[in-house]
file run20.cif (mmCIF, C-alpha atoms)
data_target
#
loop_
_atom_site.group_PDB
_atom_site.id
_atom_site.type_symbol
_atom_site.label_atom_id
_atom_site.label_comp_id
_atom_site.auth_asym_id
_atom_site.auth_seq_id
_atom_site.Cartn_x
_atom_site.Cartn_y
_atom_site.Cartn_z
ATOM 1 C CA MET A 1 0.000 0.000 0.000
ATOM 2 C CA SER A 2 1.621 3.209 -1.126
ATOM 3 C CA HIS A 3 -0.611 5.496 0.933
ATOM 4 C CA ASN A 4 -0.570 7.906 -1.914
ATOM 5 C CA GLY A 5 -3.954 7.052 -3.400
ATOM 6 C CA LYS A 6 -4.760 9.068 -6.468
ATOM 7 C CA PRO A 7 -3.227 12.545 -6.226
ATOM 8 C CA TRP A 8 -4.567 15.291 -8.490
ATOM 9 C CA SER A 9 -2.308 17.514 -10.520
ATOM 10 C CA PRO A 10 -1.243 20.397 -8.240
ATOM 11 C CA TYR A 11 -2.095 22.751 -11.121
ATOM 12 C CA LEU A 12 -5.673 21.449 -11.245
ATOM 13 C CA ALA A 13 -6.157 21.437 -7.464
ATOM 14 C CA GLY A 14 -4.560 24.892 -7.244
ATOM 15 C CA ALA A 15 -6.739 26.341 -10.008
ATOM 16 C CA LEU A 16 -9.899 24.929 -8.411
ATOM 17 C CA SER A 17 -8.889 26.359 -5.035
ATOM 18 C CA GLY A 18 -8.456 29.717 -6.777
ATOM 19 C CA LEU A 19 -12.076 29.416 -7.946
ATOM 20 C CA VAL A 20 -13.164 28.589 -4.382
ATOM 21 C CA SER A 21 -11.363 31.723 -3.217
ATOM 22 C CA ILE A 22 -13.172 33.834 -5.827
ATOM 23 C CA GLY A 23 -16.506 32.373 -4.728
ATOM 24 C CA SER A 24 -15.694 33.205 -1.117
ATOM 25 C CA VAL A 25 -14.897 36.824 -1.933
ATOM 26 C CA TRP A 26 -18.023 37.087 -4.090
ATOM 27 C CA PHE A 27 -20.603 35.477 -1.809
ATOM 28 C CA ALA A 28 -19.209 36.031 1.692
ATOM 29 C CA GLY A 29 -16.757 38.915 1.152
ATOM 30 C CA LYS A 30 -14.082 36.832 2.874
ATOM 31 C CA TYR A 31 -10.426 36.330 1.941
ATOM 32 C CA PHE A 32 -8.583 33.154 3.001
ATOM 33 C CA GLY A 33 -6.519 33.252 6.180
ATOM 34 C CA ALA A 34 -5.657 31.040 9.116
ATOM 35 C CA SER A 35 -3.348 32.640 11.660
ATOM 36 C CA THR A 36 -5.900 35.012 13.241
ATOM 37 C CA THR A 37 -7.828 31.946 14.410
ATOM 38 C CA PHE A 38 -4.840 30.800 16.471
ATOM 39 C CA VAL A 39 -4.932 34.168 18.285
ATOM 40 C CA LYS A 40 -8.680 33.964 18.900
ATOM 41 C CA THR A 41 -8.492 30.330 20.010
ATOM 42 C CA VAL A 42 -5.679 30.912 22.494
ATOM 43 C CA GLY A 43 -7.603 33.974 23.713
ATOM 44 C CA MET A 44 -10.620 31.749 24.395
ATOM 45 C CA LEU A 45 -8.362 29.277 26.251
ATOM 46 C CA GLU A 46 -6.861 32.080 28.350
ATOM 47 C CA GLN A 47 -10.374 33.341 29.131
ATOM 48 C CA LEU A 48 -11.038 30.050 30.930
ATOM 49 C CA PHE A 49 -8.291 30.874 33.441
ATOM 50 C CA SER A 50 -8.147 34.669 33.615
ATOM 51 C CA PRO A 51 -11.133 36.316 31.904
ATOM 52 C CA ASP A 52 -10.473 39.763 33.407
ATOM 53 C CA ARG A 53 -6.920 39.839 32.150
ATOM 54 C CA VAL A 54 -7.936 38.869 28.591
ATOM 55 C CA THR A 55 -10.591 41.603 28.509
ATOM 56 C CA GLN A 56 -7.931 44.202 29.212
ATOM 57 C CA MET A 57 -5.266 43.008 26.775
ATOM 58 C CA GLU A 58 -4.907 45.322 23.806
ATOM 59 C CA TYR A 59 -4.376 42.532 21.264
ATOM 60 C CA PHE A 60 -7.485 40.664 22.406
ATOM 61 C CA ILE A 61 -9.484 43.894 22.160
ATOM 62 C CA LYS A 62 -8.281 44.136 18.541
ATOM 63 C CA GLU A 63 -8.805 40.398 17.814
ATOM 64 C CA VAL A 64 -11.823 39.527 19.941
ATOM 65 C CA PRO A 65 -11.650 35.858 21.056
ATOM 66 C CA LYS A 66 -14.696 34.249 19.461
ATOM 67 C CA VAL A 67 -15.708 31.696 16.838
ATOM 68 C CA ASP A 68 -16.064 33.428 13.469
ATOM 69 C CA TRP A 69 -15.891 32.832 9.690
ATOM 70 C CA GLN A 70 -12.192 31.957 9.806
ATOM 71 C CA SER A 71 -12.520 29.497 12.710
ATOM 72 C CA MET A 72 -15.132 27.610 10.720
ATOM 73 C CA PHE A 73 -12.902 27.841 7.638
ATOM 74 C CA LEU A 74 -10.245 25.894 9.585
ATOM 75 C CA VAL A 75 -12.819 23.370 10.836
ATOM 76 C CA GLY A 76 -13.819 22.946 7.194
ATOM 77 C CA ILE A 77 -10.188 22.406 6.100
ATOM 78 C CA PHE A 78 -9.935 19.627 8.676
ATOM 79 C CA ALA A 79 -13.149 17.970 7.475
ATOM 80 C CA GLY A 80 -12.315 18.372 3.770
ATOM 81 C CA ALA A 81 -8.802 16.942 4.140
ATOM 82 C CA LEU A 82 -10.155 14.080 6.247
ATOM 83 C CA LEU A 83 -12.791 13.154 3.674
ATOM 84 C CA ALA A 84 -10.372 13.472 0.732
ATOM 85 C CA SER A 85 -7.738 11.284 2.418
ATOM 86 C CA MET A 86 -10.239 8.672 3.629
ATOM 87 C CA THR A 87 -11.913 8.257 0.251
ATOM 88 C CA ASP A 88 -8.698 7.762 -1.731
ATOM 89 C CA ARG A 89 -6.938 5.756 1.000
ATOM 90 C CA SER A 90 -4.110 8.257 1.410
ATOM 91 C CA PHE A 91 -5.016 8.744 5.080
ATOM 92 C CA LYS A 92 -2.242 7.332 7.246
ATOM 93 C CA LEU A 93 -1.487 7.631 10.939
ATOM 94 C CA GLN A 94 2.129 8.666 10.723
ATOM 95 C CA LYS A 95 4.261 9.775 13.650
ATOM 96 C CA LEU A 96 7.149 11.198 11.610
ATOM 97 C CA PRO A 97 7.412 12.587 8.067
ATOM 98 C CA PRO A 98 9.645 10.321 5.894
ATOM 99 C CA LEU A 99 11.991 13.175 4.920
ATOM 100 C CA TRP A 100 12.473 14.097 8.597
ATOM 101 C CA GLU A 101 13.009 10.484 9.659
ATOM 102 C CA GLY A 102 15.614 9.936 6.948
ATOM 103 C CA ARG A 103 17.618 12.935 8.091
ATOM 104 C CA PHE A 104 17.075 13.083 11.874
ATOM 105 C CA GLY A 105 16.159 9.510 12.836
ATOM 106 C CA SER A 106 13.103 7.963 14.415
ATOM 107 C CA GLY A 107 13.079 9.725 17.801
ATOM 108 C CA ILE A 108 9.804 11.553 18.296
ATOM 109 C CA GLY A 109 11.169 13.886 21.000
ATOM 110 C CA LYS A 110 13.450 15.718 18.600
ATOM 111 C CA ARG A 111 10.640 16.176 16.089
ATOM 112 C CA GLY A 112 8.259 17.335 18.823
ATOM 113 C CA ILE A 113 10.671 20.012 20.007
ATOM 114 C CA ALA A 114 11.517 21.252 16.495
ATOM 115 C CA ALA A 115 7.856 21.332 15.480
ATOM 116 C CA PHE A 116 6.736 23.104 18.655
ATOM 117 C CA LEU A 117 9.488 25.738 18.545
ATOM 118 C CA GLY A 118 9.071 26.124 14.786
ATOM 119 C CA GLY A 119 5.349 26.680 15.265
ATOM 120 C CA THR A 120 5.957 29.221 18.021
ATOM 121 C CA VAL A 121 8.416 31.271 15.955
ATOM 122 C CA ALA A 122 6.349 30.980 12.745
ATOM 123 C CA MET A 123 3.172 32.203 14.438
ATOM 124 C CA PHE A 124 4.914 35.094 16.191
ATOM 125 C CA GLY A 125 6.330 36.123 12.803
ATOM 126 C CA ALA A 126 3.015 35.708 11.011
ATOM 127 C CA ARG A 127 1.242 37.971 13.497
ATOM 128 C CA LEU A 128 4.045 40.541 13.432
ATOM 129 C CA ALA A 129 3.813 40.702 9.630
ATOM 130 C CA ASP A 130 -0.006 40.810 9.935
ATOM 131 C CA GLY A 131 -0.307 37.906 7.504
ATOM 132 C CA MET B 1 -24.720 32.364 11.482
ATOM 133 C CA ASN B 2 -24.654 32.590 7.703
ATOM 134 C CA GLN B 3 -21.002 33.675 7.828
ATOM 135 C CA LEU B 4 -20.096 30.630 9.934
ATOM 136 C CA PHE B 5 -21.768 28.359 7.398
ATOM 137 C CA TYR B 6 -19.933 30.026 4.494
ATOM 138 C CA GLY B 7 -16.651 29.559 6.409
ATOM 139 C CA LEU B 8 -17.312 25.867 6.919
ATOM 140 C CA ILE B 9 -18.220 25.164 3.274
ATOM 141 C CA THR B 10 -15.333 27.224 1.901
ATOM 142 C CA GLY B 11 -12.865 25.521 4.242
ATOM 143 C CA PHE B 12 -14.251 22.096 3.346
ATOM 144 C CA LEU B 13 -13.686 22.653 -0.384
ATOM 145 C CA PHE B 14 -10.258 24.183 0.196
ATOM 146 C CA GLY B 15 -9.172 21.384 2.558
ATOM 147 C CA PHE B 16 -10.364 18.766 0.077
ATOM 148 C CA LEU B 17 -8.303 20.384 -2.709
ATOM 149 C CA LEU B 18 -5.218 20.887 -0.511
ATOM 150 C CA GLN B 19 -5.293 17.190 0.288
ATOM 151 C CA LYS B 20 -5.901 16.087 -3.323
ATOM 152 C CA GLY B 21 -2.994 18.268 -4.474
ATOM 153 C CA ARG B 22 -0.875 16.556 -1.746
ATOM 154 C CA VAL B 23 0.372 19.911 -0.480
ATOM 155 C CA LEU B 24 -0.381 19.239 3.200
ATOM 156 C CA ARG B 25 2.698 17.063 3.633
ATOM 157 C CA TYR B 26 5.904 17.995 5.450
ATOM 158 C CA ASP B 27 7.917 16.355 2.654
ATOM 159 C CA LYS B 28 6.279 18.601 0.039
ATOM 160 C CA GLN B 29 6.676 21.821 2.008
ATOM 161 C CA VAL B 30 10.279 21.193 3.045
ATOM 162 C CA GLY B 31 10.909 19.746 -0.453
ATOM 163 C CA ALA B 32 10.009 23.161 -1.894
ATOM 164 C CA LEU B 33 12.274 24.963 0.589
ATOM 165 C CA LEU B 34 15.091 22.604 -0.467
ATOM 166 C CA LEU B 35 14.262 23.451 -4.129
ATOM 167 C CA LYS B 36 13.761 19.753 -4.871
ATOM 168 C CA ASP B 37 9.989 19.417 -5.230
ATOM 169 C CA MET B 38 7.920 22.261 -6.645
ATOM 170 C CA THR B 39 4.478 20.734 -5.944
ATOM 171 C CA ILE B 40 3.410 23.429 -3.483
ATOM 172 C CA ILE B 41 4.776 26.191 -5.723
ATOM 173 C CA LYS B 42 2.619 24.859 -8.586
ATOM 174 C CA PHE B 43 -0.445 24.707 -6.331
ATOM 175 C CA MET B 44 0.066 28.102 -4.705
ATOM 176 C CA LEU B 45 0.940 30.070 -7.819
ATOM 177 C CA THR B 46 -1.890 28.534 -9.877
ATOM 178 C CA SER B 47 -4.292 29.364 -7.083
ATOM 179 C CA VAL B 48 -2.955 32.928 -6.870
ATOM 180 C CA LEU B 49 -3.206 33.419 -10.647
ATOM 181 C CA VAL B 50 -6.811 32.264 -10.873
ATOM 182 C CA ALA B 51 -7.884 34.117 -7.728
ATOM 183 C CA MET B 52 -6.059 37.293 -8.784
ATOM 184 C CA VAL B 53 -7.818 37.462 -12.147
ATOM 185 C CA GLY B 54 -11.229 36.555 -10.711
ATOM 186 C CA THR B 55 -11.017 38.882 -7.726
ATOM 187 C CA HIS B 56 -10.035 41.881 -9.851
ATOM 188 C CA LEU B 57 -12.863 41.113 -12.281
ATOM 189 C CA LEU B 58 -15.274 41.154 -9.325
ATOM 190 C CA VAL B 59 -13.768 44.430 -8.092
ATOM 191 C CA ASP B 60 -14.029 45.988 -11.562
ATOM 192 C CA LEU B 61 -17.678 44.914 -11.725
ATOM 193 C CA GLY B 62 -18.321 46.416 -8.285
ATOM 194 C CA LEU B 63 -19.135 42.997 -6.803
ATOM 195 C CA ALA B 64 -16.293 42.816 -4.280
ATOM 196 C CA LYS B 65 -13.854 44.955 -2.349
ATOM 197 C CA LEU B 66 -10.131 44.357 -1.913
ATOM 198 C CA SER B 67 -8.905 43.825 1.631
ATOM 199 C CA ILE B 68 -5.535 45.564 1.703
ATOM 200 C CA LYS B 69 -3.203 45.189 4.650
ATOM 201 C CA PRO B 70 -0.886 48.063 5.568
ATOM 202 C CA THR B 71 2.728 47.859 4.398
ATOM 203 C CA ILE B 72 4.884 48.220 7.509
ATOM 204 C CA MET B 73 8.490 47.421 6.630
ATOM 205 C CA GLY B 74 9.514 46.594 10.229
ATOM 206 C CA GLY B 75 6.680 44.128 10.782
ATOM 207 C CA ASN B 76 6.684 42.694 7.249
ATOM 208 C CA ILE B 77 10.431 42.063 7.082
ATOM 209 C CA ILE B 78 11.115 40.892 10.639
ATOM 210 C CA GLY B 79 7.830 38.964 10.751
ATOM 211 C CA GLY B 80 8.585 37.390 7.379
ATOM 212 C CA LEU B 81 12.066 36.287 8.492
ATOM 213 C CA LEU B 82 10.674 34.742 11.676
ATOM 214 C CA PHE B 83 7.851 33.048 9.785
ATOM 215 C CA GLY B 84 10.332 31.527 7.325
ATOM 216 C CA LEU B 85 12.591 30.201 10.097
ATOM 217 C CA GLY B 86 9.660 28.676 11.932
ATOM 218 C CA TRP B 87 8.020 27.271 8.809
ATOM 219 C CA GLY B 88 11.273 25.557 7.807
ATOM 220 C CA ALA B 89 11.587 23.920 11.245
ATOM 221 C CA LEU B 90 7.929 22.908 11.485
ATOM 222 C CA GLY B 91 7.301 22.021 7.838
ATOM 223 C CA TYR B 92 3.659 23.098 7.945
ATOM 224 C CA CYS B 93 2.068 26.549 7.772
ATOM 225 C CA PRO B 94 -0.869 27.493 10.030
ATOM 226 C CA GLY B 95 -3.631 26.318 7.679
ATOM 227 C CA THR B 96 -1.877 23.194 6.391
ATOM 228 C CA SER B 97 -0.995 22.030 9.916
ATOM 229 C CA ILE B 98 -4.727 21.528 10.533
ATOM 230 C CA GLY B 99 -5.121 19.641 7.247
ATOM 231 C CA ALA B 100 -2.020 17.526 7.962
ATOM 232 C CA VAL B 101 -3.514 16.347 11.258
ATOM 233 C CA ALA B 102 -6.720 15.494 9.364
ATOM 234 C CA GLU B 103 -4.861 13.163 6.997
ATOM 235 C CA GLY B 104 -3.213 11.416 9.943
ATOM 236 C CA ARG B 105 0.177 13.171 9.997
ATOM 237 C CA TYR B 106 -0.082 13.818 13.711
ATOM 238 C CA ASP B 107 3.405 15.253 14.189
ATOM 239 C CA ALA B 108 1.659 18.461 13.068
ATOM 240 C CA LEU B 109 -0.105 18.538 16.470
ATOM 241 C CA TRP B 110 3.182 19.678 18.042
ATOM 242 C CA GLY B 111 3.182 22.507 15.558
ATOM 243 C CA VAL B 112 -0.434 23.461 16.314
ATOM 244 C CA ALA B 113 0.443 23.615 20.036
ATOM 245 C CA GLY B 114 3.533 25.700 19.251
ATOM 246 C CA MET B 115 1.505 28.059 17.097
ATOM 247 C CA LEU B 116 -1.077 28.571 19.843
ATOM 248 C CA PHE B 117 1.807 29.336 22.207
ATOM 249 C CA GLY B 118 3.335 31.728 19.649
ATOM 250 C CA ALA B 119 -0.020 33.507 19.295
ATOM 251 C CA ALA B 120 -0.224 33.872 23.098
ATOM 252 C CA LEU B 121 3.325 35.271 23.187
ATOM 253 C CA TYR B 122 2.492 37.766 20.450
ATOM 254 C CA ALA B 123 -0.597 38.935 22.343
ATOM 255 C CA GLU B 124 1.699 39.667 25.318
ATOM 256 C CA ALA B 125 4.300 41.377 23.136
ATOM 257 C CA PHE B 126 1.833 43.413 21.043
ATOM 258 C CA PRO B 127 1.995 46.714 23.019
ATOM 259 C CA ALA B 128 5.819 46.650 22.803
ATOM 260 C CA MET B 129 5.737 45.746 19.072
ATOM 261 C CA LYS B 130 3.232 48.508 18.369
ATOM 262 C CA ALA B 131 5.551 51.058 19.977
ATOM 263 C CA SER B 132 8.653 49.862 18.094
ATOM 264 C CA VAL B 133 8.783 47.430 15.133
ATOM 265 C CA LEU B 134 5.324 48.386 13.861
ATOM 266 C CA THR B 135 6.315 52.068 13.581
ATOM 267 C CA TRP B 136 9.323 51.335 11.326
ATOM 268 C CA GLY B 137 8.597 52.167 7.694
ATOM 269 C CA ASN B 138 4.802 52.403 7.828
ATOM 270 C CA PHE B 139 3.538 53.177 4.310
ATOM 271 C CA GLY B 140 -0.134 52.516 5.032
ATOM 272 C CA LYS B 141 -2.460 50.616 2.682
ATOM 273 C CA ILE B 142 -0.569 50.898 -0.599
ATOM 274 C CA THR B 143 -0.701 48.679 -3.694
ATOM 275 C CA LEU B 144 1.789 48.157 -6.541
ATOM 276 C CA PRO B 145 -0.527 49.525 -9.305
ATOM 277 C CA GLN B 146 -1.193 52.615 -7.169
ATOM 278 C CA LEU B 147 2.525 53.103 -6.480
ATOM 279 C CA LEU B 148 3.384 52.829 -10.191
ATOM 280 C CA GLY B 149 0.323 54.826 -11.230
ATOM 281 C CA VAL B 150 -0.994 52.167 -13.642
ATOM 282 C CA ASN B 151 -4.219 50.172 -14.003
ATOM 283 C CA HIS B 152 -4.057 46.864 -12.118
ATOM 284 C CA TRP B 153 -4.317 44.813 -15.336
ATOM 285 C CA PHE B 154 -0.890 46.179 -16.347
ATOM 286 C CA MET B 155 0.447 44.267 -13.340
ATOM 287 C CA ILE B 156 -1.779 41.195 -13.567
ATOM 288 C CA VAL B 157 -1.136 40.232 -17.206
ATOM 289 C CA PRO B 158 2.700 40.320 -16.939
ATOM 290 C CA PHE B 159 2.466 38.428 -13.633
ATOM 291 C CA VAL B 160 0.352 35.708 -15.260
ATOM 292 C CA LEU B 161 2.692 35.425 -18.245
ATOM 293 C CA GLY B 162 5.806 35.367 -16.037
ATOM 294 C CA THR B 163 4.331 32.603 -13.899
ATOM 295 C CA LEU B 164 3.423 30.524 -16.959
ATOM 296 C CA PHE B 165 7.050 30.780 -18.153
ATOM 297 C CA LEU B 166 8.199 29.728 -14.668
ATOM 298 C CA PHE B 167 5.875 26.691 -14.797
ATOM 299 C CA ARG B 168 7.252 25.721 -18.214
ATOM 300 C CA TRP B 169 10.800 25.929 -16.845
ATOM 301 C CA ILE B 170 9.889 23.906 -13.739
ATOM 302 C CA GLU B 171 8.339 21.170 -15.922
ATOM 303 C CA LYS B 172 11.367 21.096 -18.224
ATOM 304 C CA LYS B 173 13.602 20.575 -15.196
ATOM 305 C CA GLY B 174 11.281 17.841 -13.955
ATOM 306 C CA LEU B 175 10.855 19.441 -10.526
#
call {"tool": "encode", "arguments": {"input": "run20.cif", "output": "structure tokens"}}
result
Amino acid sequence: MSHNGKPWSPYLAGALSGLVSIGSVWFAGKYFGASTTFVKTVGMLEQLFSPDRVTQMEYFIKEVPKVDWQSMFLVGIFAGALLASMTDRSFKLQKLPPLWEGRFGSGIGKRGIAAFLGGTVAMFGARLADG
Amino acid sequence: MNQLFYGLITGFLFGFLLQKGRVLRYDKQVGALLLKDMTIIKFMLTSVLVAMVGTHLLVDLGLAKLSIKPTIMGGNIIGGLLFGLGWGALGYCPGTSIGAVAEGRYDALWGVAGMLFGAALYAEAFPAMKASVLTWGNFGKITLPQLLGVNHWFMIVPFVLGTLFLFRWIEKKGL
């Protein structure tokens, strides 16, 4: 089992996703994005522990912690990718990417640390660039 | 409520296509950064081309409005450098990390946790950033056509043609 199923041409999938983007701008007035949702989600998590503090933080006044269009967009990405991978048998529970494993070995601790720190730095940068 | 439903449907279609194009994978994203596998470049640029043409048509017809972010050199450059470093280490971007988990590549969960932590850190740092980095080189909401004083189609058509030549070159090289 190759776990690669039947991939589509990246040109075709890309062009169709461009059409989806146009439809989104046309019907909902919304442009694609993902990183704001991480801010709003962590804001909602922080609200569980210190609601008063979150209310007073400038960034959470700017990006109010709540479920909105973009949160549901990310939920949709999860569901769409799940359905696509299940139906063409490319879904695979995989603890390490093959390219990573070939270069850094099969320890999951090293990957966990690199992925966590990478995610932290990438998100800080994404928010700083307002992207 | 309607907006939430639109978000869900749009995300579903996009996630389906991201998965079918196989661009959710660490190997594809890092493969592009290593200049060895151009799959995500093909997907992203094709998507940009189609969306660019369609969005500007909608704008010209008065059916949509552009959403322009301010150009702030400090934030864009430093933020971009940090994003690149982090993306290279993680191998997923914010949206694709969610899709990668959905297709079973659960090492992306570490990245999702890291990104939530990074977002929390930025929320703490925001007042300091606003007083420093985000004041460096603030040009406001500018666009290239506006800067050059030309109609946007004078930018779009050359961009489309240039990208098509790039695709032809990529295919010739077998990347």
call {"tool": "residues_around", "arguments": {"input": "run20.cif", "residues": "B:Tyr122", "least_positions_apart": "2", "cutoff": "12 Å", "atoms": "all atoms listed in the file", "output": "ChimeraX atom specification"}}
result
/A:35-36,38-40,42-43,57-60,63,120-130 /B:79,115-120,124-130
call {"tool": "write_last_selection", "arguments": {"input": "run20.cif", "atoms": "C-alpha atoms", "output": "PDB file, in the coordinates of the input"}}
result
ATOM      1  CA  SER A  35      -3.348  32.640  11.660  1.00  0.00           C
ATOM      2  CA  THR A  36      -5.900  35.012  13.241  1.00  0.00           C
ATOM      3  CA  PHE A  38      -4.840  30.800  16.471  1.00  0.00           C
ATOM      4  CA  VAL A  39      -4.932  34.168  18.285  1.00  0.00           C
ATOM      5  CA  LYS A  40      -8.680  33.964  18.900  1.00  0.00           C
ATOM      6  CA  VAL A  42      -5.679  30.912  22.494  1.00  0.00           C
ATOM      7  CA  GLY A  43      -7.603  33.974  23.713  1.00  0.00           C
ATOM      8  CA  MET A  57      -5.266  43.008  26.775  1.00  0.00           C
ATOM      9  CA  GLU A  58      -4.907  45.322  23.806  1.00  0.00           C
ATOM     10  CA  TYR A  59      -4.376  42.532  21.264  1.00  0.00           C
ATOM     11  CA  PHE A  60      -7.485  40.664  22.406  1.00  0.00           C
ATOM     12  CA  GLU A  63      -8.805  40.398  17.814  1.00  0.00           C
ATOM     13  CA  THR A 120       5.957  29.221  18.021  1.00  0.00           C
ATOM     14  CA  VAL A 121       8.416  31.271  15.955  1.00  0.00           C
ATOM     15  CA  ALA A 122       6.349  30.980  12.745  1.00  0.00           C
ATOM     16  CA  MET A 123       3.172  32.203  14.438  1.00  0.00           C
ATOM     17  CA  PHE A 124       4.914  35.094  16.191  1.00  0.00           C
ATOM     18  CA  GLY A 125       6.330  36.123  12.803  1.00  0.00           C
ATOM     19  CA  ALA A 126       3.015  35.708  11.011  1.00  0.00           C
ATOM     20  CA  ARG A 127       1.242  37.971  13.497  1.00  0.00           C
ATOM     21  CA  LEU A 128       4.045  40.541  13.432  1.00  0.00           C
ATOM     22  CA  ALA A 129       3.813  40.702   9.630  1.00  0.00           C
ATOM     23  CA  ASP A 130      -0.006  40.810   9.935  1.00  0.00           C
TER      24      ASP A 130
ATOM     25  CA  GLY B  79       7.830  38.964  10.751  1.00  0.00           C
ATOM     26  CA  MET B 115       1.505  28.059  17.097  1.00  0.00           C
ATOM     27  CA  LEU B 116      -1.077  28.571  19.843  1.00  0.00           C
ATOM     28  CA  PHE B 117       1.807  29.336  22.207  1.00  0.00           C
ATOM     29  CA  GLY B 118       3.335  31.728  19.649  1.00  0.00           C
ATOM     30  CA  ALA B 119      -0.020  33.507  19.295  1.00  0.00           C
ATOM     31  CA  ALA B 120      -0.224  33.872  23.098  1.00  0.00           C
ATOM     32  CA  GLU B 124       1.699  39.667  25.318  1.00  0.00           C
ATOM     33  CA  ALA B 125       4.300  41.377  23.136  1.00  0.00           C
ATOM     34  CA  PHE B 126       1.833  43.413  21.043  1.00  0.00           C
ATOM     35  CA  PRO B 127       1.995  46.714  23.019  1.00  0.00           C
ATOM     36  CA  ALA B 128       5.819  46.650  22.803  1.00  0.00           C
ATOM     37  CA  MET B 129       5.737  45.746  19.072  1.00  0.00           C
ATOM     38  CA  LYS B 130       3.232  48.508  18.369  1.00  0.00           C
TER      39      LYS B 130
END
call {"tool": "resolve_selection", "arguments": {"input": "run20.cif", "expression": "the PyMOL selection byres ((chain A and resi 88) around 10)", "output": "list of chain:residue names"}}
result
A:His3, A:Asn4, A:Gly5, A:Lys6, A:Pro7, A:Leu83, A:Ala84, A:Ser85, A:Met86, A:Thr87, A:Arg89, A:Ser90, A:Phe91, B:Lys20
call {"tool": "residues_around", "arguments": {"input": "run20.cif", "residues": "A:Ser17", "least_positions_apart": "4", "cutoff": "9 Å", "atoms": "all atoms listed in the file", "output": "PyMOL selection string"}}
result
(chain A and resi 12-13+21-22) or (chain B and resi 13-14+17-18+43+46-47+50-51)
call {"tool": "resolve_selection", "arguments": {"input": "run20.cif", "expression": "the PyMOL selection byres ((chain A and resi 77) around 10)", "output": "PyMOL selection string"}}
result
(chain A and resi 71-76+78-83) or (chain B and resi 7-19+95-100+102)
call {"tool": "atom_distance", "arguments": {"input": "run20.cif", "atom1": "atom CA of A:Trp69", "atom2": "atom CA of B:Leu63"}}
result
19.6 Å
call {"tool": "resolve_selection", "arguments": {"input": "run20.cif", "expression": "the PyMOL selection byres ((chain B and resi 155-157) around 10)", "output": "PDB file with C-alpha atoms, in the coordinates of the input"}}
result
ATOM      1  CA  LEU B  49      -3.206  33.419 -10.647  1.00  0.00           C
ATOM      2  CA  MET B  52      -6.059  37.293  -8.784  1.00  0.00           C
ATOM      3  CA  VAL B  53      -7.818  37.462 -12.147  1.00  0.00           C
ATOM      4  CA  HIS B  56     -10.035  41.881  -9.851  1.00  0.00           C
ATOM      5  CA  LEU B 144       1.789  48.157  -6.541  1.00  0.00           C
ATOM      6  CA  PRO B 145      -0.527  49.525  -9.305  1.00  0.00           C
ATOM      7  CA  LEU B 148       3.384  52.829 -10.191  1.00  0.00           C
ATOM      8  CA  VAL B 150      -0.994  52.167 -13.642  1.00  0.00           C
ATOM      9  CA  ASN B 151      -4.219  50.172 -14.003  1.00  0.00           C
ATOM     10  CA  HIS B 152      -4.057  46.864 -12.118  1.00  0.00           C
ATOM     11  CA  TRP B 153      -4.317  44.813 -15.336  1.00  0.00           C
ATOM     12  CA  PHE B 154      -0.890  46.179 -16.347  1.00  0.00           C
ATOM     13  CA  PRO B 158       2.700  40.320 -16.939  1.00  0.00           C
ATOM     14  CA  PHE B 159       2.466  38.428 -13.633  1.00  0.00           C
ATOM     15  CA  VAL B 160       0.352  35.708 -15.260  1.00  0.00           C
ATOM     16  CA  LEU B 161       2.692  35.425 -18.245  1.00  0.00           C
ATOM     17  CA  GLY B 162       5.806  35.367 -16.037  1.00  0.00           C
ATOM     18  CA  THR B 163       4.331  32.603 -13.899  1.00  0.00           C
TER      19      THR B 163
END
call {"tool": "atom_distance", "arguments": {"input": "run20.cif", "atom1": "atom CA of A:Lys62", "atom2": "atom CA of A:Met44"}}
result
13.9 Å
call {"tool": "closest_residue", "arguments": {"input": "run20.cif", "among": "A:Leu48, A:Ile108, A:Val64, A:Ala34", "to": "chain B", "atoms": "only C-alpha atoms"}}
result
A:Ala34
call {"tool": "residues_around", "arguments": {"input": "run20.cif", "residues": "B:Leu134", "least_positions_apart": "3", "cutoff": "8 Å", "atoms": "only C-alpha atoms", "output": "list in words"}}
result
Leu128 of chain A; Ile72, Met73, Gly74, Gly75, Met129, Lys130, Ala131, Gly137 and Asn138 of chain B
call {"tool": "residues_around", "arguments": {"input": "run20.cif", "residues": "B:Phe167", "least_positions_apart": "2", "cutoff": "12 Å", "atoms": "only C-alpha atoms", "output": "ChimeraX atom specification"}}
result
/A:10-11 /B:38-39,41-46,160-165,169-175
call {"tool": "closest_residue", "arguments": {"input": "run20.cif", "among": "A:Arg53, A:Lys92, A:Lys66, A:Lys30", "to": "chain B", "atoms": "only C-alpha atoms"}}
result
A:Lys92
call {"tool": "residues_around", "arguments": {"input": "run20.cif", "residues": "A:Gly112", "least_positions_apart": "5", "cutoff": "8 Å", "atoms": "only C-alpha atoms", "output": "VMD selection string"}}
result
chain B and resid 107 110 to 111
call {"tool": "atom_distance", "arguments": {"input": "run20.cif", "atom1": "atom CA of B:Gln29", "atom2": "atom CA of B:Gly91"}}
result
5.9 Å
